[in-house]
$ cat coords07.cif   # mmCIF, C-alpha atoms
data_structure
#
loop_
_atom_site.label_atom_id
_atom_site.label_comp_id
_atom_site.auth_asym_id
_atom_site.auth_seq_id
_atom_site.Cartn_x
_atom_site.Cartn_y
_atom_site.Cartn_z
CA ALA A 4 160.31 137.04 170.00
CA PRO A 5 163.12 138.18 167.70
CA GLU A 6 162.17 139.02 164.14
CA HIS A 7 163.79 137.34 161.15
CA ARG A 8 163.83 139.03 157.74
CA ALA A 9 163.50 136.25 155.16
CA LYS A 10 164.39 137.25 151.61
CA MET A 11 162.13 135.77 148.95
CA ILE A 12 162.80 134.62 145.39
CA PRO A 13 160.44 133.78 142.51
CA GLN A 14 159.50 130.17 141.88
CA ASP A 15 161.15 129.79 138.47
CA LEU A 16 162.12 126.10 138.53
CA VAL A 17 158.93 124.31 137.43
CA GLU A 18 155.87 125.25 135.36
CA PRO A 19 153.91 127.42 135.79
CA ARG A 20 156.81 129.66 136.74
CA LEU A 21 156.76 133.09 138.33
CA LEU A 22 159.09 135.35 136.36
CA ASN A 23 158.28 138.79 137.79
CA PRO A 24 159.25 139.20 141.49
CA SER A 25 156.49 140.54 143.73
CA THR A 26 157.00 140.04 147.49
CA GLY A 27 160.58 140.92 148.38
CA GLU A 28 160.65 139.62 151.93
CA VAL A 29 158.58 138.17 154.73
CA MET A 30 159.13 139.12 158.38
CA VAL A 31 158.85 136.14 160.73
CA ARG A 32 158.61 135.65 164.48
CA ALA A 33 158.26 132.25 166.20
CA LEU A 34 157.21 131.07 169.66
CA THR A 35 156.74 127.63 171.20
CA ASP A 36 155.24 126.31 174.43
CA GLY A 37 157.02 122.97 174.07
CA THR A 38 154.01 121.27 172.48
CA SER A 39 153.01 123.53 169.59
CA ILE A 40 154.84 126.21 167.63
CA ALA A 41 153.44 129.42 166.15
CA PHE A 42 154.82 131.64 163.40
CA ARG A 43 153.76 135.18 162.59
CA LEU A 44 154.36 136.11 158.97
CA GLU A 45 154.13 139.72 157.76
CA TRP A 46 154.59 140.93 154.20
CA ALA A 47 153.80 144.03 152.17
CA ASP A 48 150.61 143.91 150.09
CA ASP A 49 148.55 147.04 149.42
CA SER A 50 145.60 145.08 148.03
CA LYS A 51 143.40 142.59 149.87
CA SER A 52 142.51 139.64 147.65
CA ASP A 53 140.12 137.44 149.61
CA ALA A 54 137.10 137.18 147.30
CA PRO A 55 136.77 134.06 145.14
CA GLY A 56 135.41 134.33 141.62
CA PRO A 57 136.20 133.87 137.93
CA SER A 58 139.78 134.94 137.12
CA LYS A 59 140.35 135.99 140.74
CA MET A 60 143.38 134.77 142.65
CA ILE A 61 143.66 134.72 146.45
CA ASP A 62 146.29 136.03 148.87
CA ALA A 63 147.92 133.15 150.74
CA CYS A 64 151.02 132.00 152.62
CA ALA A 65 152.54 128.74 153.80
CA ILE A 66 155.23 127.26 155.99
CA GLN A 67 157.19 124.14 155.04
CA ILE A 68 159.13 121.88 157.42
CA PRO A 69 160.95 118.58 156.70
CA GLU A 70 159.07 115.57 158.01
CA LYS A 71 162.31 114.36 159.64
CA ALA A 72 165.01 116.50 161.20
CA GLU A 73 168.00 115.12 159.28
CA LYS A 74 171.39 116.45 158.23
CA ASP A 75 170.61 115.86 154.56
CA LEU A 76 167.72 118.19 153.79
CA PRO A 77 165.00 117.61 151.21
CA GLU A 78 164.94 119.91 148.22
CA PRO A 79 163.44 123.24 149.36
CA GLN A 80 161.17 123.17 146.30
CA MET A 81 158.45 120.95 147.84
CA GLY A 82 160.78 118.16 148.95
CA GLN A 83 161.79 115.08 146.95
CA GLU A 84 161.09 111.37 146.64
CA GLY A 85 161.92 109.69 149.92
CA LYS A 86 162.17 113.02 151.75
CA THR A 87 158.72 114.31 152.63
CA VAL A 88 157.98 117.88 153.63
CA GLN A 89 155.03 119.05 155.73
CA VAL A 90 153.20 122.17 154.59
CA THR A 91 150.70 124.29 156.49
CA TYR A 92 148.80 126.50 154.05
CA TRP A 93 146.67 129.59 154.87
CA ARG A 94 144.31 131.37 152.44
CA ALA A 95 142.66 134.78 152.71
CA ASP A 96 139.27 133.58 151.43
CA TRP A 97 139.21 130.84 154.06
CA GLN A 98 139.98 133.52 156.64
CA ALA A 99 137.12 135.65 155.32
CA SER A 100 134.81 132.66 155.71
CA MET A 101 135.97 132.16 159.29
CA ASP A 102 135.39 135.86 159.96
CA GLY A 103 131.74 135.60 158.93
CA TRP A 104 131.65 135.77 155.14
CA GLY A 105 128.82 133.51 154.04
CA ASP A 106 129.35 130.37 151.99
CA THR A 107 126.22 130.44 149.83
CA ILE A 108 126.01 131.34 146.14
CA ARG A 109 124.29 134.59 147.09
CA ASP A 110 127.11 135.45 149.50
CA LEU A 111 129.89 134.66 147.04
CA TYR A 112 128.20 136.10 143.95
CA PRO A 113 125.76 138.79 145.17
CA ASN A 114 125.00 140.03 141.64
CA ALA A 115 124.06 136.61 140.28
CA SER A 116 120.44 136.19 139.19
CA ILE A 117 118.86 132.95 140.40
CA ASP A 118 115.26 131.87 139.76
CA HIS A 119 115.22 129.27 142.52
CA TYR A 120 116.89 126.15 143.81
CA PRO A 121 114.80 123.01 144.34
CA PHE A 122 116.25 122.55 147.83
CA GLU A 123 114.80 125.94 148.80
CA ALA A 124 111.26 124.88 147.93
CA LYS A 125 108.68 125.80 150.56
CA ALA A 126 107.53 122.17 150.62
CA LEU A 127 110.84 121.19 152.22
CA GLU A 128 111.19 122.06 155.88
CA LYS A 129 114.37 124.07 156.38
CA GLY A 130 117.02 121.97 158.10
CA SER A 131 115.16 118.71 157.63
CA ASP A 132 116.86 115.56 156.40
CA ALA A 133 114.95 115.80 153.13
CA GLN A 134 116.08 119.38 152.61
CA LYS A 135 119.70 118.50 153.37
CA GLU A 136 119.60 115.51 151.01
CA MET A 137 118.20 117.66 148.21
CA ALA A 138 120.81 120.39 148.82
CA MET A 139 123.62 117.83 148.59
CA ARG A 140 122.55 116.98 145.03
CA TYR A 141 123.55 120.51 144.06
CA ALA A 142 126.87 120.43 145.93
CA PRO A 143 128.82 117.61 144.25
CA ALA A 144 132.21 118.58 145.72
CA ARG A 145 130.76 118.51 149.22
CA ALA A 146 128.95 115.25 148.51
CA LEU A 147 132.21 113.63 147.39
CA GLY A 148 134.09 114.81 150.50
CA ASN A 149 136.30 117.31 148.65
CA ILE A 150 138.34 118.98 151.41
CA ARG A 151 138.18 122.31 149.57
CA SER A 152 134.40 122.53 149.85
CA GLY A 153 133.04 124.77 152.59
CA PRO A 154 132.11 125.73 155.17
CA ARG A 155 135.52 125.46 156.79
CA SER A 156 136.48 124.93 160.42
CA ALA A 157 139.92 126.64 160.07
CA PRO A 158 141.64 128.98 157.57
CA VAL A 159 144.56 126.53 157.14
CA GLU A 160 145.12 122.97 156.01
CA ASP A 161 147.82 120.34 156.54
CA LEU A 162 149.55 119.05 153.40
CA ILE A 163 152.56 116.94 152.46
CA ALA A 164 154.74 116.77 149.35
CA THR A 165 157.61 114.74 147.93
CA GLY A 166 158.51 117.09 145.09
CA PRO A 167 156.83 119.59 142.73
CA GLY A 168 153.40 118.45 141.63
CA THR A 169 152.94 115.97 144.50
CA LEU A 170 151.09 118.15 147.03
CA MET A 171 148.33 116.22 148.81
CA PRO A 172 146.42 116.17 152.13
CA GLY A 173 148.64 115.08 154.99
CA PRO A 174 148.30 113.83 158.56
CA SER A 175 146.89 116.34 161.02
CA GLN A 176 149.46 118.64 162.59
CA ASN A 177 146.76 120.29 164.76
CA ALA A 178 147.20 123.36 162.58
CA ASN A 179 145.31 126.59 162.99
CA GLY A 180 145.77 130.18 161.94
CA LYS A 181 144.42 133.70 161.73
CA GLY A 182 145.23 136.56 159.40
CA GLY A 183 144.46 140.25 159.17
CA HIS A 184 145.06 142.85 156.48
CA LYS A 185 145.83 146.51 157.02
CA LYS A 186 146.13 149.05 154.23
CA ASP A 187 149.60 147.97 153.13
CA HIS A 188 150.37 144.52 154.58
CA TRP A 189 149.17 141.15 155.78
CA SER A 190 149.89 139.73 159.23
CA VAL A 191 149.20 136.00 159.57
CA VAL A 192 149.77 133.62 162.48
CA ILE A 193 150.09 129.90 161.69
CA SER A 194 150.39 127.33 164.46
CA ARG A 195 150.98 123.57 164.36
CA LYS A 196 152.34 120.89 166.65
CA LEU A 197 156.07 120.97 167.34
CA PRO A 198 158.04 119.13 164.63
CA ASP A 199 159.05 115.60 165.64
CA GLY A 200 162.51 115.46 167.15
CA LEU A 201 162.84 119.20 167.77
CA ALA A 202 164.20 119.05 171.31
CA LEU A 203 165.77 121.96 173.20
CA ASN A 204 168.76 123.40 171.34
CA GLN A 205 168.09 121.05 168.43
CA ARG A 206 167.46 122.34 164.94
CA THR A 207 165.40 121.61 161.90
CA HIS A 208 164.69 123.91 158.96
CA ILE A 209 161.75 125.89 157.62
CA ALA A 210 160.81 127.63 154.39
CA PHE A 211 158.09 130.16 153.58
CA ALA A 212 155.93 130.98 150.59
CA VAL A 213 153.65 133.92 149.76
CA TRP A 214 151.03 134.38 147.05
CA GLN A 215 149.67 137.79 146.01
CA GLY A 216 146.31 137.42 144.35
CA SER A 217 146.47 140.87 142.75
CA GLN A 218 149.55 139.67 140.85
CA GLN A 219 147.70 136.57 139.57
CA GLU A 220 149.80 134.28 141.74
CA SER A 221 148.39 130.82 142.37
CA GLY A 222 149.67 127.26 142.71
CA ALA A 223 153.30 127.11 141.60
CA ARG A 224 153.33 130.84 140.78
CA LYS A 225 154.56 132.15 144.13
CA MET A 226 157.42 133.81 145.97
CA ARG A 227 159.42 131.49 148.20
CA THR A 228 162.48 131.17 150.41
CA GLY A 229 165.14 128.51 150.67
CA TRP A 230 165.67 126.53 153.85
CA ILE A 231 166.16 128.62 157.00
CA PRO A 232 167.50 127.04 160.23
CA LEU A 233 164.88 126.68 162.98
CA VAL A 234 166.35 126.15 166.46
CA ARG A 235 164.33 125.55 169.61
CA ARG A 236 165.63 127.58 172.55
CA GLY A 237 164.68 127.35 176.20
CA GLU A 238 163.41 130.15 178.41
CA LYS A 239 165.84 132.99 179.06
#
$ encode --input "coords07.cif" --output "structure tokens"
Amino acid sequence: APEHRAKMIPQDLVEPRLLNPSTGEVMVRALTDGTSIAFRLEWADDSKSDAPGPSKMIDACAIQIPEKAEKDLPEPQMGQEGKTVQVTYWRADWQASMDGWGDTIRDLYPNASIDHYPFEAKALEKGSDAQKEMAMRYAPARALGNIRSGPRSAPVEDLIATGPGTLMPGPSQNANGKGGHKKDHWSVVISRKLPDGLALNQRTHIAFAVWQGSQQESGARKMRTGWIPLVRRGEK
């Protein structure tokens, strides 16, 4: 697949802004089998930020595609009212969890000192309904169905937005992903179903975003691109 060099710019339009540029560009390749489409994103980053914790930010990336392939595009900054964008978001800590990093307090905070948890009492049979019910009392986010609570089944999630500050869970796009870090860069593959209406030789648009945890980038503090044409070609 041909490689596209996408220049990135700081998100300096809405608060909290990113004023100091970090990631200069992201290298992108794309392939489709006619049903799904996959993108490989690569960008320079000499530090691997995949450990959650107080004051720690996480490496991440995302792709953004208009919900409808129309001539009049939504605003590239998270869309606009009446013009929804679909976002597939990947995070390095979710990838670490998928790669085997545990999801318990002892896994995430190995130096924490804990006397005991009631749900670990010897009187409760491990894995029993009573033990699971007791454990849920100490996991309120999980008990409430918060989609950010672990453990996760994929390192990505499907989101939609209609402008800055409107990001929310979206319909499933059958998204998946996998990322790996070498000493000086990340390489991440994100796949999702083919955008609606993207027939052969038809075009839509796509935008990319990258967060570097070591630079305290999170939420709106990110590097981004404008809209880039995305054309589906047949076999050569």
$ resolve_selection --input "coords07.cif" --expression "the PyMOL selection byres ((chain A and resi 182) around 9)" --output "PyMOL selection string"
chain A and resi 93-95+98+158+180-181+183-184+189-193
$ resolve_selection --input "coords07.cif" --expression "the PyMOL selection byres ((chain A and resi 63-77) around 8)" --output "PyMOL selection string"
chain A and resi 61-62+78-79+81-83+86-95+198-201+206-216
$ resolve_selection --input "coords07.cif" --expression "the PyMOL selection byres ((chain A and resi 225) around 7)" --output "PyMOL selection string"
chain A and resi 13-14+21+212-214+220-221+223-224+226-227
$ closest_atom_pairs --input "coords07.cif" --of "region 70-146 of chain A" --to "region 41-54 of chain A" --cutoff "12 Å" --atoms "all atoms listed in the file" --output "JSON lines"
{"residue": "A:Thr91", "atom": "CA", "partner": "A:Phe42", "partner_atom": "CA", "distance": 10.9}
{"residue": "A:Trp93", "atom": "CA", "partner": "A:Leu44", "partner_atom": "CA", "distance": 10.9}
{"residue": "A:Arg94", "atom": "CA", "partner": "A:Asp53", "partner_atom": "CA", "distance": 7.9}
{"residue": "A:Ala95", "atom": "CA", "partner": "A:Asp53", "partner_atom": "CA", "distance": 4.8}
{"residue": "A:Asp96", "atom": "CA", "partner": "A:Asp53", "partner_atom": "CA", "distance": 4.4}
{"residue": "A:Trp97", "atom": "CA", "partner": "A:Asp53", "partner_atom": "CA", "distance": 8.0}
{"residue": "A:Gln98", "atom": "CA", "partner": "A:Asp53", "partner_atom": "CA", "distance": 8.1}
{"residue": "A:Ala99", "atom": "CA", "partner": "A:Asp53", "partner_atom": "CA", "distance": 6.7}
{"residue": "A:Ser100", "atom": "CA", "partner": "A:Asp53", "partner_atom": "CA", "distance": 9.4}
{"residue": "A:Met101", "atom": "CA", "partner": "A:Asp53", "partner_atom": "CA", "distance": 11.8}
{"residue": "A:Asp102", "atom": "CA", "partner": "A:Asp53", "partner_atom": "CA", "distance": 11.5}
{"residue": "A:Trp104", "atom": "CA", "partner": "A:Ala54", "partner_atom": "CA", "distance": 9.7}
{"residue": "A:Gly105", "atom": "CA", "partner": "A:Ala54", "partner_atom": "CA", "distance": 11.3}
{"residue": "A:Asp106", "atom": "CA", "partner": "A:Ala54", "partner_atom": "CA", "distance": 11.3}
{"residue": "A:Asp110", "atom": "CA", "partner": "A:Ala54", "partner_atom": "CA", "distance": 10.4}
{"residue": "A:Leu111", "atom": "CA", "partner": "A:Ala54", "partner_atom": "CA", "distance": 7.6}
{"residue": "A:Tyr112", "atom": "CA", "partner": "A:Ala54", "partner_atom": "CA", "distance": 9.6}
{"residue": "A:Pro113", "atom": "CA", "partner": "A:Ala54", "partner_atom": "CA", "distance": 11.7}
$ write_last_selection --input "coords07.cif" --atoms "C-alpha atoms" --output "PDB file, in the coordinates of the input"
ATOM      1  CA  THR A  91     150.700 124.290 156.490  1.00  0.00           C
ATOM      2  CA  TRP A  93     146.670 129.590 154.870  1.00  0.00           C
ATOM      3  CA  ARG A  94     144.310 131.370 152.440  1.00  0.00           C
ATOM      4  CA  ALA A  95     142.660 134.780 152.710  1.00  0.00           C
ATOM      5  CA  ASP A  96     139.270 133.580 151.430  1.00  0.00           C
ATOM      6  CA  TRP A  97     139.210 130.840 154.060  1.00  0.00           C
ATOM      7  CA  GLN A  98     139.980 133.520 156.640  1.00  0.00           C
ATOM      8  CA  ALA A  99     137.120 135.650 155.320  1.00  0.00           C
ATOM      9  CA  SER A 100     134.810 132.660 155.710  1.00  0.00           C
ATOM     10  CA  MET A 101     135.970 132.160 159.290  1.00  0.00           C
ATOM     11  CA  ASP A 102     135.390 135.860 159.960  1.00  0.00           C
ATOM     12  CA  TRP A 104     131.650 135.770 155.140  1.00  0.00           C
ATOM     13  CA  GLY A 105     128.820 133.510 154.040  1.00  0.00           C
ATOM     14  CA  ASP A 106     129.350 130.370 151.990  1.00  0.00           C
ATOM     15  CA  ASP A 110     127.110 135.450 149.500  1.00  0.00           C
ATOM     16  CA  LEU A 111     129.890 134.660 147.040  1.00  0.00           C
ATOM     17  CA  TYR A 112     128.200 136.100 143.950  1.00  0.00           C
ATOM     18  CA  PRO A 113     125.760 138.790 145.170  1.00  0.00           C
TER      19      PRO A 113
END
$ closest_residue --input "coords07.cif" --among "A:Gly85, A:Val31, A:Pro19, A:Lys59" --to "Ile231 (chain A)" --atoms "only C-alpha atoms"
A:Val31
$ atom_distance --input "coords07.cif" --atom1 "CA of Pro24 (chain A)" --atom2 "CA of Leu170 (chain A)"
23.2 Å
$ closest_residue --input "coords07.cif" --among "A:Arg236, A:Pro167, A:Arg32, A:Asp187" --to "Glu18 (chain A)" --atoms "only C-alpha atoms"
A:Pro167
$ atom_distance --input "coords07.cif" --atom1 "CA of Met60 (chain A)" --atom2 "CA of Thr165 (chain A)"
25.1 Å
$ closest_residue --input "coords07.cif" --among "A:Arg235, A:Lys185, A:Lys10, A:Ser152" --to "Leu203 (chain A)" --atoms "all atoms listed in the file"
A:Arg235
